[in-house]
2 protein chains.
Amino acid sequence: MRARGTFPFPPFHLISVAMKSIETRSPGRRGRPRSFDRDAALDAAMAVFWEKGYEAASISDLTAAMGINPPSLYAAFGDKEQLFLAAVERYQSARGESCPYCDEPTARAAIERLLQYMARELTEAGHPRGCMMMMAAATAANASPRLQRVLADKRAQARERMRARIRKGVREGDVPPGTDATALADFYATIITGMSQQARDGASRKSLLATAAQAMRLFPATASKPSARRREDVTA
Amino acid sequence: MRARGTFPFPPFHLISVAMKSIETRSPGRRGRPRSFDRDAALDAAMAVFWEKGYEAASISDLTAAMGINPPSLYAAFGDKEQLFLAAVERYQSARGESCPYCDEPTARAAIERLLQYMARELTEAGHPRGCMMMMAAATAANASPRLQRVLADKRAQARERMRARIRKGVREGDVPPGTDATALADFYATIITGMSQQARDGASRKSLLATAAQAMRLFPATASKPSARRREDVTA
DNA sequence: GCATTTCCGTATCGGCCGCTACGGAAACGC
DNA sequence: GCGTTTCCGTAGCGGCCGATACGGAAATGC
């Protein structure tokens with residue numbers, strides 16, 4: 001009984017797990033092999049951290065969800081903090097980065113796609129509500145400085161990515177010149193942060209999508225500068 | 001040495017403390033009187049909860065900040081949960097309610113005043129950053145159901161107050177008819193929630209004020225006459 | 001003065017925390 | 001088969017958690 005079944009994950013996850021499992025069997029590892037799937041255990045740990053946050057997730061909670069005993073956890077992941085960091089990496093590589101919003105042709109479309117993706121993801125059934133990083137940030141108030149710094153860096157990176165995309169839009173002409181990319185990125189970062197909290201509070205997907213749509217209304221409209229293609233500006 | 005000095009509070013607090021102190025001395029209380037100021041201790045406890053959240057604030061942290069020993073804490077406040085609830089009440093009566101934004105003549109002015117007040121309050125020096133209620137909500141993930149319900153009610157009340165103010169604006173004609181008060185209140189609730197998190201993350205007051213100003217840009221514009229055109233919004 | 005009432009400080013309580021020592025079992029290379 | 005290596009499960013470590021038992025001290029009413 002390895003799979004816990006509490007938080008089913010998409011197929012691509014299982015594929016990745018299988019590949020990793022084959023990969024780690026190739027070298028000449030001696031002795032008894034590990035009897036549980038490391039990535040599956042990591043997914044289970046991620047779900048617990050996502051649900052409860054960092055400090056509130058006890059080793060007992062984690063081992064129960066992972067289906068292993070404490071020594072196996074420590075042998076495979078080091079300690080609670082390293083396990084959490086591994087879970088964060090997995091969370092980001094499987095979810096955050098799975099929305100290549102920066103590939104959208106315009107900055108507006110990119111931000112809009114990101115907001116809609118977040119509104120859906122934060123209220124998706126099958127995993128805890130809200131964003132794992134936000135939950136962790138709130139519950140790691142007196143964790144190690146290293147962990148806090150890592151989390152702060154991740155958040156700063158997310159905001160910086162939005163800012164860079166907006167600046168690119170200014171350079172390419174699909175965002176009005178003189179637009180304050182920093183202020184705009186701060187605004188949308190605030191929206192996303194707030195949506196995560198609202199989702200955790202039980203807000204419906206419809207409500208979050210409405211908020212996202214509202215927020216998009218104040219994205220600076222293009223002054224019909226390049227190629228004169230009129231956008232469906234929903235401005236008020 | 002009673003005052004801790006870590007988190008100085010405004011004068012009105014001290015006045016309230018003095019009045020309460022006089023009040024509680026009047027009845028025929030026998031035996032040795034309490035040797036510490038209950039309200040001052042409550043303020044110190046509030047600061048700890050505000051800084052660390054509910055679960056991360058230990059009795060040891062609290063007693064150290066309050067300048068008393070555990071038995072005095074339990075005698076005066078019951079247990080940790082009741083102490084926290086008392087701190088929440090004090091927080092709200094001293095801060096949340098101290099911004100009578102609903103008295104503003106128009107709904108727009110009310111929301112704008114609220115947002116600006118929050119932007120300043122959340123970054124005010126002299127007390128922890130962010131909103132105590134938000135911090136508590138995030139760190140009370142596995143607290144008692146009763147406590148979680150109380151916190152959820154408080155948040156719902158705050159949102160409902162905004163919604164009611166917007167609806168009043170619609171009735172009185174300073175907000176366009178057909179405005180979706182619920183969606184608008186949800187949006188501003190999301191903004192405020194997000195601002196609290198951003199403040200905790202170290203965002204500057206200037207940044208929060210800019211975000212608040214951005215958010216005000218999409219408050220439905222008043223038509224010059226209350227009987228003007230309807231405007232469609234919140235479309236997916 | 002006295003008896004009574006209440007508070008305060010010390011010194012814990014049982015329980016859970018993150019974490020690990022240890023011995024036996026399982027899978028390896030040969 | 002063998003010895004070696006690694007893993008697993010039990011059982012428990014020291015430490016902090018929230019919460020208290022208890023005895024002495026302080027302030028009361030009389």
# chains A, B, ... in the order shown; residues from 1 in each chain; ligands from 1

call {"tool": "residues_around", "arguments": {"residues": "range 162-175 of chain A", "least_positions_apart": "6", "cutoff": "6 Å", "atoms": "only C-alpha atoms (C1' of nucleotides)", "output": "list in words"}}
result
Ala107, Ala181, Thr182, Ala185 and Thr222 of chain A

call {"tool": "write_last_selection", "arguments": {"atoms": "C-alpha atoms", "output": "compact mmCIF listing (two decimals), in the first residue's frame"}}
result
# COMPACT_ATOMS: atom_id res chain seq x y z
CA ALA A 107 2.44 41.19 -22.05
CA ALA A 181 6.47 47.93 -14.97
CA THR A 182 7.51 47.66 -11.32
CA ALA A 185 4.06 43.84 -11.38
CA THR A 222 -2.12 50.01 -26.06

call {"tool": "residues_around", "arguments": {"residues": "Arg30 in chain A", "least_positions_apart": "6", "cutoff": "10 Å", "atoms": "only C-alpha atoms (C1' of nucleotides)", "output": "PDB file with C-alpha atoms (C1' of nucleotides), in the first residue's frame"}}
result
ATOM      1  C1'  DA C  27      19.047  -7.586  -1.437  1.00  0.00           C
ATOM      2  C1'  DC C  28      23.352  -7.076  -3.536  1.00  0.00           C
ATOM      3  C1'  DG C  29      28.409  -8.759  -5.720  1.00  0.00           C
TER       4       DG C  29
ATOM      5  C1'  DT D   4      29.001  -6.928   2.534  1.00  0.00           C
ATOM      6  C1'  DT D   5      26.041  -3.240   2.157  1.00  0.00           C
ATOM      7  C1'  DT D   6      22.009  -0.987   2.783  1.00  0.00           C
TER       8       DT D   6
END

call {"tool": "interface_residues", "arguments": {"of": "chain A", "to": "chain C", "cutoff": "10 Å", "atoms": "only C-alpha atoms (C1' of nucleotides)", "output": "list in words"}}
result
Gly28, Arg29, Arg30, Gly31, Arg32, Pro33, Arg34, Ser35, Ser58, Ile59, Ser60, Pro70, Pro71, Tyr74, Asp79 and Lys80 of chain A

call {"tool": "residues_around", "arguments": {"residues": "Ser204 in chain A", "least_positions_apart": "2", "cutoff": "12 Å", "atoms": "only C-alpha atoms (C1' of nucleotides)", "output": "PyMOL selection string"}}
result
(chain A and resi 119-125+129-130+195-202+206-211) or (chain B and resi 183+186)

call {"tool": "residues_around", "arguments": {"residues": "range 113-115 of chain A", "least_positions_apart": "3", "cutoff": "9 Å", "atoms": "only C-alpha atoms (C1' of nucleotides)", "output": "PyMOL selection string"}}
result
chain A and resi 99-102+104+108-110+118-120+188+191-192+209+212-213+215-216

call {"tool": "select_by_dssp", "arguments": {"residues": "range 3-154 of chain B", "states": "helix (DSSP H, G or I)", "output": "tab-separated table (two decimals) with C-alpha atoms, in the first residue's frame"}}
result
chain	number	residue	atom	x	y	z
B	11	PRO	CA	-1.80	57.42	23.73
B	12	PHE	CA	-5.46	56.48	23.48
B	13	HIS	CA	-4.43	53.04	24.50
B	14	LEU	CA	-2.84	54.19	27.71
B	15	ILE	CA	-5.87	56.29	28.53
B	16	SER	CA	-8.08	53.27	28.06
B	17	VAL	CA	-5.75	51.27	30.28
B	18	ALA	CA	-5.88	53.83	33.05
B	19	MET	CA	-9.66	54.02	32.96
B	20	LYS	CA	-10.00	50.26	33.05
B	21	SER	CA	-7.58	50.07	35.93
B	22	ILE	CA	-9.66	52.49	37.98
B	23	GLU	CA	-12.82	50.70	37.04
B	38	ARG	CA	-4.17	43.13	32.55
B	39	ASP	CA	-4.63	45.34	29.51
B	40	ALA	CA	-0.94	46.08	29.19
B	41	ALA	CA	-0.25	42.36	29.33
B	42	LEU	CA	-2.92	41.80	26.71
B	43	ASP	CA	-1.28	44.36	24.46
B	44	ALA	CA	2.04	42.58	24.82
B	45	ALA	CA	0.39	39.27	24.01
B	46	MET	CA	-1.29	40.83	20.99
B	47	ALA	CA	2.07	41.98	19.71
B	48	VAL	CA	3.47	38.45	20.01
B	49	PHE	CA	0.51	36.88	18.21
B	50	TRP	CA	0.74	39.59	15.59
B	51	GLU	CA	4.41	38.90	15.06
B	52	LYS	CA	4.40	35.12	15.11
B	59	ILE	CA	3.37	30.32	26.13
B	60	SER	CA	7.01	30.97	26.85
B	61	ASP	CA	7.10	33.75	24.25
B	62	LEU	CA	3.90	35.21	25.62
B	63	THR	CA	4.82	35.17	29.29
B	64	ALA	CA	8.23	36.66	28.50
B	65	ALA	CA	6.64	39.53	26.57
B	66	MET	CA	3.90	40.03	29.14
B	70	PRO	CA	2.41	31.01	33.26
B	71	PRO	CA	0.04	30.65	36.26
B	72	SER	CA	-0.73	34.37	36.14
B	73	LEU	CA	-1.48	34.11	32.44
B	74	TYR	CA	-3.87	31.21	32.93
B	75	ALA	CA	-5.53	32.83	35.92
B	76	ALA	CA	-6.12	36.06	34.05
B	77	PHE	CA	-7.05	34.76	30.59
B	80	LYS	CA	-3.96	30.24	25.11
B	81	GLU	CA	-7.00	30.23	22.86
B	82	GLN	CA	-9.01	32.59	25.06
B	83	LEU	CA	-6.01	34.86	25.37
B	84	PHE	CA	-5.75	34.95	21.62
B	85	LEU	CA	-9.44	35.72	21.19
B	86	ALA	CA	-9.11	38.54	23.71
B	87	ALA	CA	-6.14	39.85	21.77
B	88	VAL	CA	-8.16	39.72	18.55
B	89	GLU	CA	-10.96	41.71	20.14
B	90	ARG	CA	-8.51	44.27	21.40
B	91	TYR	CA	-6.85	44.43	17.99
B	92	GLN	CA	-10.11	45.07	16.26
B	93	SER	CA	-11.49	47.55	18.73
B	94	ALA	CA	-8.27	49.55	18.70
B	96	GLY	CA	-9.87	47.87	12.53
B	97	GLU	CA	-12.77	49.86	13.85
B	98	SER	CA	-10.70	52.99	14.29
B	101	TYR	CA	-14.56	54.52	6.46
B	102	CYS	CA	-18.26	53.85	6.08
B	103	ASP	CA	-18.95	57.43	7.16
B	107	ALA	CA	-18.76	54.45	-1.61
B	108	ARG	CA	-15.75	55.30	-3.72
B	109	ALA	CA	-14.36	57.63	-1.08
B	110	ALA	CA	-15.03	55.00	1.58
B	111	ILE	CA	-13.15	52.25	-0.24
B	112	GLU	CA	-10.35	54.60	-1.15
B	113	ARG	CA	-9.97	55.75	2.41
B	114	LEU	CA	-9.98	52.17	3.62
B	115	LEU	CA	-7.29	51.11	1.16
B	116	GLN	CA	-5.07	54.05	2.01
B	117	TYR	CA	-5.55	53.45	5.70
B	118	MET	CA	-4.60	49.81	5.25
B	119	ALA	CA	-1.54	50.66	3.16
B	120	ARG	CA	-0.30	52.91	5.95
B	121	GLU	CA	-1.34	50.73	8.85
B	122	LEU	CA	0.18	47.56	7.39
B	132	MET	CA	-2.80	40.29	12.68
B	133	MET	CA	-5.96	38.56	11.49
B	134	MET	CA	-4.37	37.42	8.25
B	135	MET	CA	-1.30	36.20	10.06
B	136	ALA	CA	-3.47	34.34	12.51
B	137	ALA	CA	-5.60	32.83	9.79
B	138	ALA	CA	-2.56	31.46	8.03
B	139	THR	CA	-1.01	29.99	11.17
B	145	PRO	CA	-12.62	24.56	14.99
B	146	ARG	CA	-14.03	27.22	17.24
B	147	LEU	CA	-11.06	29.50	16.73
B	148	GLN	CA	-11.06	28.95	13.00
B	149	ARG	CA	-14.73	29.74	12.81
B	150	VAL	CA	-14.29	32.97	14.74
B	151	LEU	CA	-11.51	34.08	12.41
B	152	ALA	CA	-13.50	33.14	9.31
B	153	ASP	CA	-16.47	35.10	10.65
B	154	LYS	CA	-14.33	38.17	11.20

call {"tool": "closest_atom_pairs", "arguments": {"of": "chain D", "to": "chain B", "cutoff": "6 Å", "atoms": "only C-alpha atoms (C1' of nucleotides)", "output": "CSV"}}
result
residue,atom,partner,partner_atom,distance
D:DA26,C1',B:Arg32,CA,5.8
D:DA27,C1',B:Arg32,CA,4.2
D:DT28,C1',B:Gly31,CA,4.6

call {"tool": "closest_residue", "arguments": {"among": "A:Asn142, A:Thr106, A:Asn69, A:Thr179", "to": "chain B", "atoms": "only C-alpha atoms"}}
result
A:Asn142

call {"tool": "closest_residue", "arguments": {"among": "B:Ala143, B:Ala156, B:Leu218, B:Ala57", "to": "chain A", "atoms": "only C-alpha atoms"}}
result
B:Leu218

call {"tool": "atom_distance", "arguments": {"atom1": "CA of Gly178 in chain A", "atom2": "CA of Ala221 in chain A"}}
result
12.2 Å

call {"tool": "decode", "arguments": {"residues": "range 143-211 of chain A", "atoms": "C-alpha atoms", "output": "PDB file, in the first residue's frame"}}
result
ATOM      1  CA  ALA A 143      11.965  28.776  10.735  1.00  0.00           C
ATOM      2  CA  SER A 144      15.657  28.867   9.855  1.00  0.00           C
ATOM      3  CA  PRO A 145      16.970  31.999   8.142  1.00  0.00           C
ATOM      4  CA  ARG A 146      18.118  29.877   5.222  1.00  0.00           C
ATOM      5  CA  LEU A 147      14.619  28.569   4.597  1.00  0.00           C
ATOM      6  CA  GLN A 148      13.088  32.002   4.894  1.00  0.00           C
ATOM      7  CA  ARG A 149      15.607  33.387   2.454  1.00  0.00           C
ATOM      8  CA  VAL A 150      14.886  30.665  -0.082  1.00  0.00           C
ATOM      9  CA  LEU A 151      11.160  31.339   0.119  1.00  0.00           C
ATOM     10  CA  ALA A 152      11.648  35.089  -0.149  1.00  0.00           C
ATOM     11  CA  ASP A 153      13.863  34.561  -3.196  1.00  0.00           C
ATOM     12  CA  LYS A 154      11.236  32.435  -4.885  1.00  0.00           C
ATOM     13  CA  ARG A 155       8.606  35.099  -4.387  1.00  0.00           C
ATOM     14  CA  ALA A 156      10.953  37.800  -5.601  1.00  0.00           C
ATOM     15  CA  GLN A 157      11.723  35.724  -8.684  1.00  0.00           C
ATOM     16  CA  ALA A 158       8.049  35.317  -9.492  1.00  0.00           C
ATOM     17  CA  ARG A 159       7.494  39.051  -9.239  1.00  0.00           C
ATOM     18  CA  GLU A 160      10.608  39.784 -11.261  1.00  0.00           C
ATOM     19  CA  ARG A 161       9.434  37.452 -14.013  1.00  0.00           C
ATOM     20  CA  MET A 162       6.217  39.424 -14.319  1.00  0.00           C
ATOM     21  CA  ARG A 163       8.099  42.691 -14.325  1.00  0.00           C
ATOM     22  CA  ALA A 164      10.470  41.480 -17.028  1.00  0.00           C
ATOM     23  CA  ARG A 165       7.574  40.353 -19.188  1.00  0.00           C
ATOM     24  CA  ILE A 166       5.888  43.747 -18.879  1.00  0.00           C
ATOM     25  CA  ARG A 167       9.133  45.554 -19.722  1.00  0.00           C
ATOM     26  CA  LYS A 168       9.536  43.341 -22.746  1.00  0.00           C
ATOM     27  CA  GLY A 169       6.038  44.374 -23.772  1.00  0.00           C
ATOM     28  CA  VAL A 170       7.037  48.020 -23.476  1.00  0.00           C
ATOM     29  CA  ARG A 171      10.113  47.416 -25.652  1.00  0.00           C
ATOM     30  CA  GLU A 172       8.088  45.558 -28.248  1.00  0.00           C
ATOM     31  CA  GLY A 173       5.344  48.147 -28.336  1.00  0.00           C
ATOM     32  CA  ASP A 174       2.382  46.137 -27.055  1.00  0.00           C
ATOM     33  CA  VAL A 175       2.432  48.052 -23.770  1.00  0.00           C
ATOM     34  CA  PRO A 176       2.243  51.854 -23.747  1.00  0.00           C
ATOM     35  CA  PRO A 177       5.610  53.565 -23.300  1.00  0.00           C
ATOM     36  CA  GLY A 178       6.171  55.072 -19.892  1.00  0.00           C
ATOM     37  CA  THR A 179       4.304  52.258 -18.172  1.00  0.00           C
ATOM     38  CA  ASP A 180       5.673  51.636 -14.673  1.00  0.00           C
ATOM     39  CA  ALA A 181       6.471  47.933 -14.970  1.00  0.00           C
ATOM     40  CA  THR A 182       7.509  47.661 -11.324  1.00  0.00           C
ATOM     41  CA  ALA A 183       4.282  49.144  -9.992  1.00  0.00           C
ATOM     42  CA  LEU A 184       2.217  47.016 -12.344  1.00  0.00           C
ATOM     43  CA  ALA A 185       4.059  43.837 -11.378  1.00  0.00           C
ATOM     44  CA  ASP A 186       3.627  44.734  -7.710  1.00  0.00           C
ATOM     45  CA  PHE A 187      -0.086  45.140  -8.281  1.00  0.00           C
ATOM     46  CA  TYR A 188      -0.498  41.770  -9.957  1.00  0.00           C
ATOM     47  CA  ALA A 189       1.717  40.104  -7.375  1.00  0.00           C
ATOM     48  CA  THR A 190      -0.616  41.512  -4.733  1.00  0.00           C
ATOM     49  CA  ILE A 191      -3.617  40.171  -6.624  1.00  0.00           C
ATOM     50  CA  ILE A 192      -2.139  36.692  -6.910  1.00  0.00           C
ATOM     51  CA  THR A 193      -1.129  36.648  -3.268  1.00  0.00           C
ATOM     52  CA  GLY A 194      -4.601  37.758  -2.278  1.00  0.00           C
ATOM     53  CA  MET A 195      -6.250  35.186  -4.525  1.00  0.00           C
ATOM     54  CA  SER A 196      -4.277  32.446  -2.826  1.00  0.00           C
ATOM     55  CA  GLN A 197      -5.540  33.547   0.570  1.00  0.00           C
ATOM     56  CA  GLN A 198      -9.080  33.884  -0.701  1.00  0.00           C
ATOM     57  CA  ALA A 199      -8.910  30.388  -2.174  1.00  0.00           C
ATOM     58  CA  ARG A 200      -7.763  29.031   1.156  1.00  0.00           C
ATOM     59  CA  ASP A 201     -10.671  30.865   2.713  1.00  0.00           C
ATOM     60  CA  GLY A 202     -13.075  28.937   0.526  1.00  0.00           C
ATOM     61  CA  ALA A 203     -13.620  31.427  -2.290  1.00  0.00           C
ATOM     62  CA  SER A 204     -15.135  29.828  -5.394  1.00  0.00           C
ATOM     63  CA  ARG A 205     -13.315  29.482  -8.679  1.00  0.00           C
ATOM     64  CA  LYS A 206     -15.913  31.738 -10.235  1.00  0.00           C
ATOM     65  CA  SER A 207     -15.180  34.430  -7.676  1.00  0.00           C
ATOM     66  CA  LEU A 208     -11.444  34.201  -8.317  1.00  0.00           C
ATOM     67  CA  LEU A 209     -11.909  34.334 -12.074  1.00  0.00           C
ATOM     68  CA  ALA A 210     -14.092  37.411 -11.637  1.00  0.00           C
ATOM     69  CA  THR A 211     -11.409  39.072  -9.542  1.00  0.00           C
TER      70      THR A 211
END
